[in-house]
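S.K.: Next comes the structure file structure.txt, holding compact mmCIF, C-alpha atoms and all ligand atoms.
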# COMPACT_ATOMS: atom_id res chain seq x y z
CA MET A 1 18.00 -0.26 -25.16
CA SER A 2 18.73 2.53 -27.63
CA GLY A 3 17.81 6.23 -27.48
CA ARG A 4 16.99 8.32 -24.48
CA THR A 5 13.84 7.29 -22.64
CA ASP A 6 11.75 9.99 -20.97
CA VAL A 7 11.07 8.01 -17.79
CA LEU A 8 12.89 4.97 -16.44
CA ILE A 9 11.13 3.36 -13.51
CA VAL A 10 13.12 1.16 -11.16
CA GLY A 11 10.80 -1.38 -9.49
CA GLY A 12 7.80 -3.24 -10.84
CA GLY A 13 5.51 -3.37 -7.82
CA ILE A 14 2.09 -1.78 -7.92
CA VAL A 15 3.57 1.70 -7.47
CA GLY A 16 6.08 1.32 -10.33
CA ALA A 17 3.41 -0.24 -12.57
CA ALA A 18 0.97 2.59 -11.81
CA CYS A 19 3.67 5.20 -12.54
CA ALA A 20 4.48 3.43 -15.82
CA ALA A 21 0.80 3.47 -16.84
CA ALA A 22 0.27 7.14 -15.93
CA CYS A 23 3.43 8.32 -17.71
CA ALA A 24 2.88 6.19 -20.83
CA GLN A 25 -0.78 7.25 -21.09
CA ALA A 26 0.41 10.86 -20.98
CA GLY A 27 2.60 10.24 -24.04
CA LEU A 28 5.99 9.87 -22.34
CA THR A 29 8.36 7.10 -23.41
CA VAL A 30 8.69 4.70 -20.49
CA ALA A 31 10.92 1.81 -19.50
CA LEU A 32 10.55 -0.19 -16.30
CA VAL A 33 13.22 -2.43 -14.83
CA GLU A 34 12.39 -5.03 -12.20
CA ALA A 35 14.76 -7.34 -10.36
CA ASP A 36 12.19 -10.13 -10.07
CA LEU A 37 10.91 -12.23 -12.93
CA ALA A 38 7.39 -10.77 -12.98
CA VAL A 39 5.41 -7.74 -11.89
CA GLY A 40 4.17 -7.30 -8.30
CA MET A 41 5.98 -10.19 -6.63
CA ASP A 42 7.29 -8.35 -3.56
CA ALA A 43 5.22 -6.30 -1.05
CA THR A 44 2.46 -6.02 -3.64
CA ALA A 45 1.89 -9.78 -3.55
CA ALA A 46 2.20 -9.88 0.24
CA GLY A 47 -0.35 -7.15 1.00
CA MET A 48 -4.01 -7.38 1.88
CA GLY A 49 -5.28 -5.32 -1.03
CA GLN A 50 -7.62 -3.07 0.87
CA ILE A 51 -8.23 0.32 -0.75
CA VAL A 52 -8.93 2.34 2.30
CA ALA A 53 -9.42 6.01 3.15
CA MET A 54 -7.03 6.25 6.10
CA ASP A 55 -6.94 9.20 8.45
CA GLY A 56 -3.66 8.89 10.33
CA SER A 57 -3.00 12.54 9.35
CA PRO A 58 -4.72 15.11 7.10
CA ALA A 59 -2.16 14.48 4.34
CA GLU A 60 -2.67 10.71 4.58
CA LEU A 61 -6.42 11.13 4.27
CA ALA A 62 -6.06 13.52 1.31
CA LEU A 63 -3.80 11.05 -0.53
CA THR A 64 -5.78 7.90 0.19
CA ARG A 65 -9.14 9.56 -0.51
CA TYR A 66 -7.84 10.90 -3.83
CA SER A 67 -6.40 7.52 -4.78
CA GLN A 68 -9.58 5.74 -3.81
CA ARG A 69 -11.49 7.94 -6.25
CA LEU A 70 -8.99 7.06 -8.99
CA TRP A 71 -9.41 3.32 -8.23
CA ASP A 72 -13.19 3.67 -8.33
CA ASP A 73 -12.91 5.26 -11.79
CA LEU A 74 -10.48 2.58 -12.99
CA ALA A 75 -12.49 -0.28 -11.51
CA ARG A 76 -14.89 -0.38 -14.47
CA SER A 77 -12.06 -1.25 -16.85
CA LEU A 78 -10.04 -3.57 -14.57
CA PRO A 79 -9.93 -7.22 -15.68
CA GLU A 80 -12.04 -9.58 -13.58
CA ASP A 81 -9.00 -11.32 -12.12
CA CYS A 82 -8.23 -8.10 -10.19
CA GLU A 83 -11.22 -9.07 -8.00
CA TYR A 84 -12.15 -5.48 -7.23
CA GLU A 85 -15.05 -5.40 -4.80
CA ARG A 86 -16.65 -2.52 -2.87
CA CYS A 87 -17.13 -4.39 0.43
CA GLY A 88 -16.72 -1.36 2.74
CA THR A 89 -14.89 -1.24 6.07
CA LEU A 90 -16.36 -1.69 9.53
CA TRP A 91 -14.18 0.02 12.13
CA ILE A 92 -14.96 -1.77 15.38
CA ALA A 93 -15.28 0.04 18.71
CA ALA A 94 -14.69 -2.28 21.66
CA ASP A 95 -15.77 0.21 24.34
CA ASP A 96 -17.12 3.72 24.93
CA ASP A 97 -13.70 5.37 24.50
CA GLU A 98 -13.40 3.77 21.07
CA MET A 99 -16.96 4.87 20.23
CA GLU A 100 -15.80 8.43 20.87
CA GLU A 101 -12.89 7.81 18.51
CA ALA A 102 -15.34 6.42 15.93
CA ALA A 103 -17.34 9.65 16.18
CA ARG A 104 -14.19 11.76 15.71
CA LYS A 105 -13.24 9.59 12.74
CA ALA A 106 -16.69 10.07 11.22
CA THR A 107 -16.26 13.84 11.46
CA ARG A 108 -12.88 13.71 9.73
CA TYR A 109 -14.33 11.56 6.92
CA HIS A 110 -17.35 13.84 6.49
CA GLU A 111 -14.98 16.81 6.15
CA HIS A 112 -13.51 14.99 3.12
CA ALA A 113 -16.98 14.26 1.70
CA LEU A 114 -16.63 10.59 2.58
CA GLN A 115 -19.64 8.57 3.54
CA ALA A 116 -19.25 7.19 7.09
CA GLU A 117 -22.02 6.01 9.36
CA LEU A 118 -21.74 5.55 13.13
CA LEU A 119 -23.09 2.19 14.23
CA GLU A 120 -24.84 1.53 17.51
CA GLN A 121 -24.18 -1.88 19.03
CA ARG A 122 -27.36 -3.29 17.49
CA ASP A 123 -26.44 -2.02 13.99
CA LEU A 124 -22.97 -3.56 14.24
CA TYR A 125 -24.35 -7.04 14.96
CA ALA A 126 -27.00 -6.68 12.26
CA LEU A 127 -24.16 -6.19 9.74
CA GLU A 128 -21.70 -8.72 11.18
CA PRO A 129 -23.40 -11.23 13.51
CA ALA A 130 -20.26 -13.36 13.95
CA LEU A 131 -18.46 -10.64 15.96
CA ARG A 132 -18.04 -11.42 19.66
CA PRO A 133 -20.79 -10.15 21.96
CA GLY A 134 -20.19 -7.05 24.07
CA LEU A 135 -18.60 -4.72 21.50
CA ALA A 136 -19.77 -1.12 21.74
CA GLY A 137 -20.47 -0.35 18.06
CA GLY A 138 -18.44 1.04 15.22
CA LEU A 139 -18.19 3.04 12.06
CA CYS A 140 -19.18 1.85 8.60
CA VAL A 141 -17.24 3.31 5.65
CA PRO A 142 -19.04 1.87 2.63
CA GLY A 143 -16.76 3.38 -0.04
CA ASP A 144 -13.68 1.29 0.87
CA SER A 145 -12.91 -1.60 -1.45
CA ILE A 146 -10.56 -4.53 -1.96
CA LEU A 147 -8.67 -5.95 -4.90
CA TYR A 148 -6.11 -8.61 -5.76
CA ALA A 149 -3.05 -6.39 -5.96
CA PRO A 150 -0.61 -8.54 -8.01
CA ARG A 151 -3.17 -8.80 -10.83
CA ALA A 152 -3.97 -5.09 -10.56
CA ALA A 153 -0.24 -4.36 -10.92
CA ALA A 154 -0.13 -6.63 -13.99
CA ALA A 155 -3.15 -4.81 -15.46
CA LEU A 156 -1.48 -1.43 -14.93
CA LEU A 157 1.74 -2.61 -16.54
CA ALA A 158 -0.22 -4.07 -19.48
CA GLU A 159 -1.88 -0.65 -19.88
CA ALA A 160 1.57 0.98 -19.89
CA GLU A 161 2.75 -1.52 -22.52
CA ARG A 162 -0.28 -0.79 -24.69
CA HIS A 163 0.99 2.80 -24.70
CA GLY A 164 4.46 1.74 -25.76
CA ALA A 165 6.21 1.19 -22.39
CA ARG A 166 8.90 -1.50 -22.21
CA ALA A 167 9.37 -3.70 -19.16
CA LEU A 168 12.55 -5.63 -18.41
CA PHE A 169 12.48 -8.36 -15.77
CA GLY A 170 15.36 -10.04 -13.97
CA CYS A 171 17.27 -6.72 -14.13
CA ARG A 172 18.48 -5.45 -10.79
CA VAL A 173 19.71 -1.87 -10.62
CA ARG A 174 22.86 -1.64 -8.49
CA ALA A 175 23.59 2.08 -8.71
CA LEU A 176 22.16 5.40 -9.84
CA HIS A 177 24.21 7.93 -11.77
CA GLU A 178 23.16 11.30 -13.21
CA GLY A 179 20.43 10.45 -15.75
CA GLU A 180 21.44 6.76 -15.75
CA VAL A 181 21.00 3.51 -13.90
CA GLU A 182 23.63 0.80 -13.68
CA LEU A 183 22.45 -2.80 -13.76
CA ASP A 184 24.02 -5.76 -11.95
CA ASP A 185 25.77 -6.87 -15.17
CA GLY A 186 27.37 -3.42 -15.55
CA ALA A 187 25.08 -2.32 -18.41
CA ARG A 188 23.76 1.25 -18.18
CA MET A 189 20.39 2.66 -19.19
CA ALA A 190 19.87 6.39 -19.64
CA ALA A 191 16.70 8.43 -19.18
CA ARG A 192 15.68 12.04 -18.70
CA THR A 193 14.01 11.06 -15.44
CA VAL A 194 14.68 8.06 -13.23
CA VAL A 195 11.90 7.09 -10.81
CA LEU A 196 12.81 4.99 -7.80
CA ALA A 197 9.84 2.75 -6.98
CA THR A 198 11.64 0.02 -5.08
CA GLY A 199 9.43 0.03 -1.98
CA ALA A 200 11.14 -1.15 1.20
CA ARG A 201 14.48 -1.35 -0.66
CA ALA A 202 14.57 2.33 -1.65
CA ALA A 203 17.38 3.24 0.78
CA GLU A 204 19.70 0.70 -0.91
CA LEU A 205 19.95 3.08 -3.88
CA ILE A 206 19.32 6.42 -2.12
CA PRO A 207 20.79 6.04 1.39
CA GLU A 208 19.52 9.51 2.42
CA LEU A 209 15.96 8.15 2.38
CA PRO A 210 15.00 7.09 5.90
CA ILE A 211 12.86 4.19 4.68
CA ARG A 212 12.90 1.12 6.90
CA PRO A 213 11.41 -2.31 6.15
CA ARG A 214 8.55 -3.11 8.52
CA THR A 215 7.52 -6.74 8.42
CA GLY A 216 3.90 -7.84 8.37
CA HIS A 217 2.33 -11.29 8.57
CA LEU A 218 -0.92 -12.45 7.00
CA VAL A 219 -2.83 -15.70 7.39
CA ILE A 220 -5.32 -16.98 4.83
CA THR A 221 -8.00 -19.53 5.63
CA GLU A 222 -9.85 -22.15 3.63
CA ARG A 223 -13.12 -21.02 2.00
CA TYR A 224 -15.95 -19.96 4.31
CA PRO A 225 -18.27 -17.91 2.10
CA ALA A 226 -20.50 -15.25 3.66
CA LEU A 227 -19.14 -15.67 7.19
CA VAL A 228 -18.07 -12.03 7.11
CA ARG A 229 -19.13 -9.39 4.56
CA HIS A 230 -17.04 -6.29 5.28
CA GLN A 231 -13.39 -5.63 5.90
CA LEU A 232 -13.26 -5.60 9.71
CA VAL A 233 -10.68 -3.43 11.45
CA GLU A 234 -10.32 -2.61 15.12
CA LEU A 235 -10.16 1.11 15.86
CA GLY A 236 -6.76 0.63 17.50
CA TYR A 237 -5.31 -0.26 14.06
CA VAL A 238 -4.28 3.32 13.23
CA LYS A 239 -2.32 3.45 16.50
CA SER A 240 -0.55 0.22 15.56
CA ALA A 241 0.27 1.52 12.06
CA HIS A 242 1.59 4.88 13.27
CA GLY A 243 2.91 3.70 16.64
CA THR A 244 6.39 3.27 18.04
CA ASP A 245 9.15 0.83 17.16
CA ALA A 246 7.71 -1.96 19.30
CA ASP A 247 6.20 -5.06 17.68
CA SER A 248 2.45 -4.68 17.39
CA VAL A 249 -0.63 -6.55 16.22
CA ALA A 250 -4.11 -5.29 15.39
CA PHE A 251 -7.25 -7.07 14.26
CA ASN A 252 -7.80 -6.60 10.54
CA LEU A 253 -9.76 -9.17 8.54
CA GLN A 254 -10.80 -9.24 4.92
CA PRO A 255 -13.36 -11.53 3.26
CA ARG A 256 -11.93 -12.47 -0.16
CA PRO A 257 -14.26 -12.96 -3.12
CA THR A 258 -13.16 -16.64 -3.03
CA GLY A 259 -14.75 -17.04 0.42
CA GLN A 260 -11.34 -17.16 2.09
CA LEU A 261 -10.58 -14.92 5.04
CA LEU A 262 -7.38 -12.92 5.10
CA ILE A 263 -6.32 -12.29 8.69
CA GLY A 264 -3.87 -9.59 9.77
CA SER A 265 -1.96 -7.82 10.83
CA SER A 266 1.41 -7.45 12.50
CA ARG A 267 4.17 -4.85 12.42
CA GLN A 268 7.83 -5.47 13.27
CA TYR A 269 11.03 -3.55 12.55
CA GLY A 270 14.44 -5.14 12.26
CA ARG A 271 13.49 -8.50 10.73
CA ALA A 272 15.39 -9.06 7.49
CA ASP A 273 14.47 -12.76 7.59
CA PRO A 274 11.27 -13.44 5.59
CA ALA A 275 10.60 -16.56 7.71
CA VAL A 276 7.35 -16.68 9.67
CA ASP A 277 7.64 -15.61 13.32
CA ARG A 278 5.31 -18.03 15.10
CA VAL A 279 5.18 -15.95 18.26
CA ILE A 280 3.80 -12.86 16.54
CA VAL A 281 1.44 -14.98 14.40
CA ALA A 282 0.06 -16.52 17.60
CA ARG A 283 -0.44 -13.00 19.04
CA MET A 284 -2.15 -11.88 15.85
CA LEU A 285 -4.51 -14.84 15.74
CA LYS A 286 -5.35 -14.52 19.43
CA ARG A 287 -6.34 -10.91 18.80
CA ALA A 288 -8.40 -11.91 15.77
CA ILE A 289 -10.20 -14.67 17.69
CA ALA A 290 -10.96 -12.17 20.47
CA TYR A 291 -12.98 -10.17 17.93
CA LEU A 292 -14.29 -13.07 15.82
CA PRO A 293 -14.48 -16.21 17.98
CA VAL A 294 -15.69 -18.39 15.09
CA LEU A 295 -12.15 -18.21 13.65
CA HIS A 296 -11.05 -20.67 16.33
CA GLY A 297 -12.66 -23.58 14.50
CA LEU A 298 -11.53 -22.67 10.96
CA ASP A 299 -8.65 -24.09 8.94
CA ALA A 300 -5.77 -21.83 7.98
CA LEU A 301 -4.18 -22.54 4.62
CA ARG A 302 -1.04 -20.43 4.51
CA VAL A 303 0.93 -17.79 6.39
CA TRP A 304 3.40 -15.36 4.84
CA THR A 305 5.38 -12.23 5.51
CA GLY A 306 5.96 -9.05 3.55
CA GLN A 307 7.89 -5.85 4.04
CA ARG A 308 6.20 -2.47 4.25
CA ALA A 309 8.31 0.59 3.45
CA ALA A 310 8.05 2.74 6.58
CA THR A 311 9.03 6.42 6.73
CA LEU A 312 9.59 8.61 9.80
CA ASP A 313 6.35 10.57 9.48
CA GLY A 314 4.17 7.83 8.00
CA LEU A 315 3.82 9.53 4.61
CA PRO A 316 5.35 8.32 1.34
CA TYR A 317 8.03 10.14 -0.64
CA ILE A 318 6.62 11.27 -3.99
CA GLY A 319 8.54 13.75 -6.14
CA PRO A 320 12.03 14.93 -7.09
CA CYS A 321 15.14 14.57 -4.94
CA PRO A 322 16.76 17.86 -3.87
CA GLY A 323 19.74 18.74 -6.04
CA ARG A 324 19.05 15.87 -8.46
CA ALA A 325 16.30 17.11 -10.78
CA TRP A 326 16.55 13.89 -12.87
CA LEU A 327 15.78 11.62 -9.89
CA PHE A 328 12.28 11.06 -8.52
CA VAL A 329 11.07 8.88 -5.67
CA ALA A 330 7.76 7.01 -5.41
CA ALA A 331 8.26 4.88 -2.32
CA GLY A 332 7.66 4.67 1.43
CA HIS A 333 3.94 3.85 1.45
CA GLU A 334 4.04 1.59 4.54
CA GLY A 335 0.66 -0.19 4.72
CA LEU A 336 -1.05 1.94 2.07
CA GLY A 337 0.88 1.43 -1.17
CA ILE A 338 -1.87 -0.46 -2.92
CA THR A 339 -4.39 2.20 -1.95
CA ALA A 340 -2.10 5.11 -2.82
CA ALA A 341 -0.50 3.73 -6.00
CA LEU A 342 -2.77 5.60 -8.42
CA ALA A 343 -2.55 8.94 -6.62
CA THR A 344 1.22 8.54 -6.42
CA ALA A 345 1.39 7.92 -10.16
CA ARG A 346 -0.86 10.89 -10.88
CA LEU A 347 1.17 13.28 -8.68
CA LEU A 348 4.37 12.06 -10.30
CA SER A 349 3.10 12.40 -13.87
CA ASP A 350 1.54 15.81 -13.05
CA HIS A 351 4.97 16.98 -11.89
CA LEU A 352 6.76 15.62 -14.96
CA LEU A 353 4.24 17.17 -17.34
CA GLY A 354 3.84 20.47 -15.51
CA ARG A 355 0.12 19.82 -14.87
CA ALA A 356 -1.62 21.27 -11.82
CA PRO A 357 -2.08 18.48 -9.24
CA GLU A 358 -5.52 17.82 -7.75
CA ILE A 359 -4.14 17.62 -4.21
CA ALA A 360 -1.28 19.58 -2.63
CA PRO A 361 1.92 17.57 -3.29
CA GLU A 362 4.12 19.27 -0.66
CA PRO A 363 3.42 16.89 2.28
CA TYR A 364 4.89 14.00 0.25
CA SER A 365 7.98 15.82 -1.05
CA PRO A 366 11.21 13.77 -0.68
CA ALA A 367 12.93 17.02 0.35
CA ARG A 368 11.73 16.40 3.89
CA ALA A 369 13.93 13.27 4.04
CA TRP A 370 17.00 15.47 3.72
CA LEU A 371 15.60 17.81 6.37
CA GLU A 372 14.88 14.86 8.66
CA THR A 373 18.46 13.66 8.13
CA VAL A 374 19.79 17.07 9.19
CA VAL A 375 17.51 17.16 12.24
CA ARG A 376 18.63 13.68 13.31
CA ALA A 377 22.37 14.46 12.83
C1 LIG A 401 1.10 -7.65 5.50
C2 LIG A 401 0.86 -6.47 4.62
C3 LIG A 401 -0.44 -6.03 4.40
C4 LIG A 401 -0.68 -4.93 3.59
N1 LIG A 401 -1.97 -4.54 3.34
C5 LIG A 401 -2.21 -3.48 2.54
C6 LIG A 401 -3.54 -3.06 2.24
O1 LIG A 401 -4.51 -3.69 2.66
N2 LIG A 401 -3.73 -1.94 1.49
C7 LIG A 401 -2.67 -1.22 0.99
O2 LIG A 401 -2.90 -0.20 0.35
N3 LIG A 401 -1.39 -1.62 1.21
C8 LIG A 401 -1.15 -2.71 1.96
N4 LIG A 401 0.14 -3.09 2.23
C9 LIG A 401 1.23 -2.28 1.71
C10 LIG A 401 1.46 -2.56 0.24
O3 LIG A 401 1.56 -3.96 0.02
C11 LIG A 401 2.71 -1.85 -0.20
O4 LIG A 401 2.70 -0.51 0.26
C12 LIG A 401 2.80 -1.81 -1.73
O5 LIG A 401 2.68 -3.10 -2.26
C13 LIG A 401 4.10 -1.18 -2.12
O6 LIG A 401 4.23 -1.28 -3.50
P1 LIG A 401 5.61 -0.88 -4.17
O7 LIG A 401 5.43 -1.02 -5.63
O8 LIG A 401 6.07 0.41 -3.61
O9 LIG A 401 6.65 -1.96 -3.57
P2 LIG A 401 6.89 -3.48 -3.98
O10 LIG A 401 5.64 -4.19 -4.30
O11 LIG A 401 7.76 -4.06 -2.92
O12 LIG A 401 7.68 -3.34 -5.33
C14 LIG A 401 9.00 -2.86 -5.38
C15 LIG A 401 9.69 -3.63 -6.49
O13 LIG A 401 10.99 -3.11 -6.67
C16 LIG A 401 11.83 -4.18 -7.03
N5 LIG A 401 13.20 -3.79 -6.73
C17 LIG A 401 13.74 -3.53 -5.51
N6 LIG A 401 15.02 -3.17 -5.63
C18 LIG A 401 15.29 -3.19 -6.96
C19 LIG A 401 16.45 -2.90 -7.73
N7 LIG A 401 17.61 -2.49 -7.13
N8 LIG A 401 16.40 -3.02 -9.08
C20 LIG A 401 15.23 -3.41 -9.69
N9 LIG A 401 14.12 -3.70 -9.01
C21 LIG A 401 14.12 -3.58 -7.67
C22 LIG A 401 11.34 -5.33 -6.17
O14 LIG A 401 11.73 -6.58 -6.71
C23 LIG A 401 9.84 -5.10 -6.17
O15 LIG A 401 9.17 -5.86 -7.14
C24 LIG A 401 0.41 -4.23 3.00
C25 LIG A 401 1.70 -4.69 3.19
C26 LIG A 401 1.94 -5.81 3.97
C27 LIG A 401 3.34 -6.30 4.14
Take the structure in the file and give it back as structure tokens.
Ligand SMILES: Cc1cc2nc3c(=O)[nH]c(=O)nc-3n(C[C@H](O)[C@H](O)[C@H](O)COP(=O)(O)OP(=O)(O)OC[C@H]3O[C@@H](n4cnc5c(N)ncnc54)[C@H](O)[C@@H]3O)c2cc1C

M.R.:
Amino acid sequence: MSGRTDVLIVGGGIVGAACAAACAQAGLTVALVEADLAVGMDATAAGMGQIVAMDGSPAELALTRYSQRLWDDLARSLPEDCEYERCGTLWIAADDDEMEEAARKATRYHEHALQAELLEQRDLYALEPALRPGLAGGLCVPGDSILYAPRAAAALLAEAERHGARALFGCRVRALHEGEVELDDGARMAARTVVLATGARAAELIPELPIRPRTGHLVITERYPALVRHQLVELGYVKSAHGTDADSVAFNLQPRPTGQLLIGSSRQYGRADPAVDRVIVARMLKRAIAYLPVLHGLDALRVWTGQRAATLDGLPYIGPCPGRAWLFVAAGHEGLGITAALATARLLSDHLLGRAPEIAPEPYSPARAWLETVVRA
């Protein structure tokens, strides 16, 4: 590559592709380098693809709500193979305590101008009759959607390329230097700004970032059209996502436009091995069958694992690294990187172009990683 690029993005998952599109659309010269042979083959291909307003914290809700709006705007121009569909989420309350949580959740969503409707028991079964009897009710969030993330990442990269971005595949970055990246073959590429969008691998290049891989399993079934119509999530899911270091499972099921059912999800730290852990899959399926007994008689087609990029406070790192004005991070999205990709890209490009951001960027600043490191030392 010749000349000095404005923005060099390391990592071609959905976050890197979204950053490439946002920067190239804004008139910056962009290059993206990806270790794999195509876009979106890592966590992006392993994820569920739900675009969900998630309220684990006020900053999480602000980011996911903002990004959801950006996806809704983009949806009209996404190619059909992205399989964008506004199926909504049903948060399921198993008992009265969880109904109280559903009511609190509804209040938080309403404060962010999000539509959310509390469901009595009868309403829940009217919407999803296959759920097991005896559940208390739930919360319907009709604005949540789903998409096929690897194709969405490809569409974003294609948009970046239409605006002059260049993508290089099979190029692993092995080190970062001031205004430069060094590839595995020793070649160097220079840029005014380097953006690290390497997901769960971010700490390999910036060790100060406390990002840890957190493994998840998903199971996909054969085609059973119209068995379920909404994304179904147990209310305990947020606890599982934000919980401790222990292995956890939570019921989370998505009806794909193909009629297949995507069943999740699990969370485990400390598993570098991408092999399927049968014990946790069994736990996950048992939990799913407890909510949707009809699953017991269905055929599963495939099981896989993927690595979420977990941070200490559950929020991603988006912005410049302290003391290295040329180096930006866009990583650490845990289970929300598909949802938050567009907001991440917008915050990043706003920063680079000096535009006023639509949401406060401070909660996602990478500077807190350095603070966290000091606190832990
Ligand atoms: C089981 C599971 C379910 C999920 N469900 C959802 C969901 O429903 N909704 C949602 O919003 N999110 C979900 N997620 C999370 C989501 O998949 C991720 O947050 C998102 O894909 C992260 O995108 P990314 O671009 O940051 O990372 P990745 O997709 O992992 O991309 C990073 C890229 O960087 C490349 N790379 C790494 N190191 C280097 C290097 N040194 N040089 C060059 N390239 C490099 C990798 O090859 C990779 O392609 C789920 C995740 C899992 C595992």

S.K.: Would you list the residues near (20.2, -2.1, -12.0), meaning any protein, DNA or RNA residue with an atom at most 12 Å from that point in file coordinates, counting all atoms listed in the file, as a VMD selection string?

M.R.: chain A and resid 8 to 11 32 to 36 168 to 177 180 to 190 194 196 198 204 to 205

S.K.: Considering only C-alpha atoms, give me a table of residues in stretch 173-282 of chain A that are at most 10 Å from stretch 298-319 of chain A, with the closest atom pair and distance in Å for each, as JSON lines.

M.R.:
{"residue": "A:Val195", "atom": "CA", "partner": "A:Gly319", "partner_atom": "CA", "distance": 8.8}
{"residue": "A:Leu196", "atom": "CA", "partner": "A:Ile318", "partner_atom": "CA", "distance": 9.6}
{"residue": "A:Ala197", "atom": "CA", "partner": "A:Ile318", "partner_atom": "CA", "distance": 9.6}
{"residue": "A:Thr198", "atom": "CA", "partner": "A:Ala309", "partner_atom": "CA", "distance": 9.2}
{"residue": "A:Gly199", "atom": "CA", "partner": "A:Ala309", "partner_atom": "CA", "distance": 5.6}
{"residue": "A:Ala200", "atom": "CA", "partner": "A:Ala309", "partner_atom": "CA", "distance": 4.0}
{"residue": "A:Arg201", "atom": "CA", "partner": "A:Ala309", "partner_atom": "CA", "distance": 7.7}
{"residue": "A:Ala202", "atom": "CA", "partner": "A:Ala309", "partner_atom": "CA", "distance": 8.3}
{"residue": "A:Ala203", "atom": "CA", "partner": "A:Ala309", "partner_atom": "CA", "distance": 9.8}
{"residue": "A:Leu209", "atom": "CA", "partner": "A:Thr311", "partner_atom": "CA", "distance": 8.4}
{"residue": "A:Pro210", "atom": "CA", "partner": "A:Thr311", "partner_atom": "CA", "distance": 6.1}
{"residue": "A:Ile211", "atom": "CA", "partner": "A:Thr311", "partner_atom": "CA", "distance": 4.9}
{"residue": "A:Arg212", "atom": "CA", "partner": "A:Ala310", "partner_atom": "CA", "distance": 5.1}
{"residue": "A:Pro213", "atom": "CA", "partner": "A:Ala309", "partner_atom": "CA", "distance": 5.0}
{"residue": "A:Arg214", "atom": "CA", "partner": "A:Arg308", "partner_atom": "CA", "distance": 4.9}
{"residue": "A:Thr215", "atom": "CA", "partner": "A:Gln307", "partner_atom": "CA", "distance": 4.5}
{"residue": "A:Gly216", "atom": "CA", "partner": "A:Gly306", "partner_atom": "CA", "distance": 5.4}
{"residue": "A:His217", "atom": "CA", "partner": "A:Thr305", "partner_atom": "CA", "distance": 4.4}
{"residue": "A:Leu218", "atom": "CA", "partner": "A:Trp304", "partner_atom": "CA", "distance": 5.6}
{"residue": "A:Val219", "atom": "CA", "partner": "A:Val303", "partner_atom": "CA", "distance": 4.4}
{"residue": "A:Ile220", "atom": "CA", "partner": "A:Arg302", "partner_atom": "CA", "distance": 5.5}
{"residue": "A:Thr221", "atom": "CA", "partner": "A:Ala300", "partner_atom": "CA", "distance": 4.0}
{"residue": "A:Glu222", "atom": "CA", "partner": "A:Leu301", "partner_atom": "CA", "distance": 5.8}
{"residue": "A:Arg223", "atom": "CA", "partner": "A:Asp299", "partner_atom": "CA", "distance": 8.8}
{"residue": "A:Tyr224", "atom": "CA", "partner": "A:Leu298", "partner_atom": "CA", "distance": 8.4}
{"residue": "A:Ala241", "atom": "CA", "partner": "A:Gly314", "partner_atom": "CA", "distance": 8.5}
{"residue": "A:His242", "atom": "CA", "partner": "A:Gly314", "partner_atom": "CA", "distance": 6.6}
{"residue": "A:Gly243", "atom": "CA", "partner": "A:Gly314", "partner_atom": "CA", "distance": 9.7}
{"residue": "A:Gln260", "atom": "CA", "partner": "A:Leu301", "partner_atom": "CA", "distance": 9.3}
{"residue": "A:Leu261", "atom": "CA", "partner": "A:Ala300", "partner_atom": "CA", "distance": 8.9}
{"residue": "A:Leu262", "atom": "CA", "partner": "A:Ala300", "partner_atom": "CA", "distance": 9.5}
{"residue": "A:Ile263", "atom": "CA", "partner": "A:Val303", "partner_atom": "CA", "distance": 9.4}
{"residue": "A:Ser266", "atom": "CA", "partner": "A:Thr305", "partner_atom": "CA", "distance": 9.4}
{"residue": "A:Arg267", "atom": "CA", "partner": "A:Arg308", "partner_atom": "CA", "distance": 8.7}
{"residue": "A:Gln268", "atom": "CA", "partner": "A:Gln307", "partner_atom": "CA", "distance": 9.2}
{"residue": "A:Tyr269", "atom": "CA", "partner": "A:Ala310", "partner_atom": "CA", "distance": 9.2}
{"residue": "A:Arg271", "atom": "CA", "partner": "A:Gln307", "partner_atom": "CA", "distance": 9.1}
{"residue": "A:Ala272", "atom": "CA", "partner": "A:Gln307", "partner_atom": "CA", "distance": 8.9}
{"residue": "A:Asp273", "atom": "CA", "partner": "A:Thr305", "partner_atom": "CA", "distance": 9.3}
{"residue": "A:Pro274", "atom": "CA", "partner": "A:Thr305", "partner_atom": "CA", "distance": 6.0}
{"residue": "A:Ala275", "atom": "CA", "partner": "A:Thr305", "partner_atom": "CA", "distance": 7.1}
{"residue": "A:Val276", "atom": "CA", "partner": "A:Trp304", "partner_atom": "CA", "distance": 6.4}
{"residue": "A:Asp277", "atom": "CA", "partner": "A:Thr305", "partner_atom": "CA", "distance": 8.8}
{"residue": "A:Arg278", "atom": "CA", "partner": "A:Val303", "partner_atom": "CA", "distance": 9.8}
{"residue": "A:Val281", "atom": "CA", "partner": "A:Val303", "partner_atom": "CA", "distance": 8.5}

S.K.: Calculate, to one decimal in Å, the centre and edge lengths of the box along x, y and z of the file that holds all listed atoms of stretch 30-47 of chain A with 8 Å of margin on each side, and present them as JSON.

M.R.:
{"center_x": 7.2, "center_y": -3.8, "center_z": -9.7, "size_x": 31.1, "size_y": 32.9, "size_z": 37.5}

S.K.: Select, from A:Thr107, A:Gln231, A:Thr344, A:Thr258, the residue with the minimum atom-to-atom distance to A:Asp55, counting all atoms listed in the file.

M.R.: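 Of the candidates, the smallest distance to A:Asp55 is held by A:Thr107.
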
S.K.: Produce a table with one row for each residue of stretch 83-109 of chain A that has an atom at most 9 Å from any atom of stretch 62-78 of chain A, each row naming the nearest atom pair and its distance in Å at one decimal; use only C-alpha atoms; arrange rows by chain and rising residue number; format as a tab-separated table.

M.R.:
residue	atom	partner	partner_atom	distance
A:Glu83	CA	A:Leu78	CA	8.6
A:Tyr84	CA	A:Ala75	CA	6.7
A:Glu85	CA	A:Ala75	CA	8.8
A:Arg86	CA	A:Asp72	CA	8.9
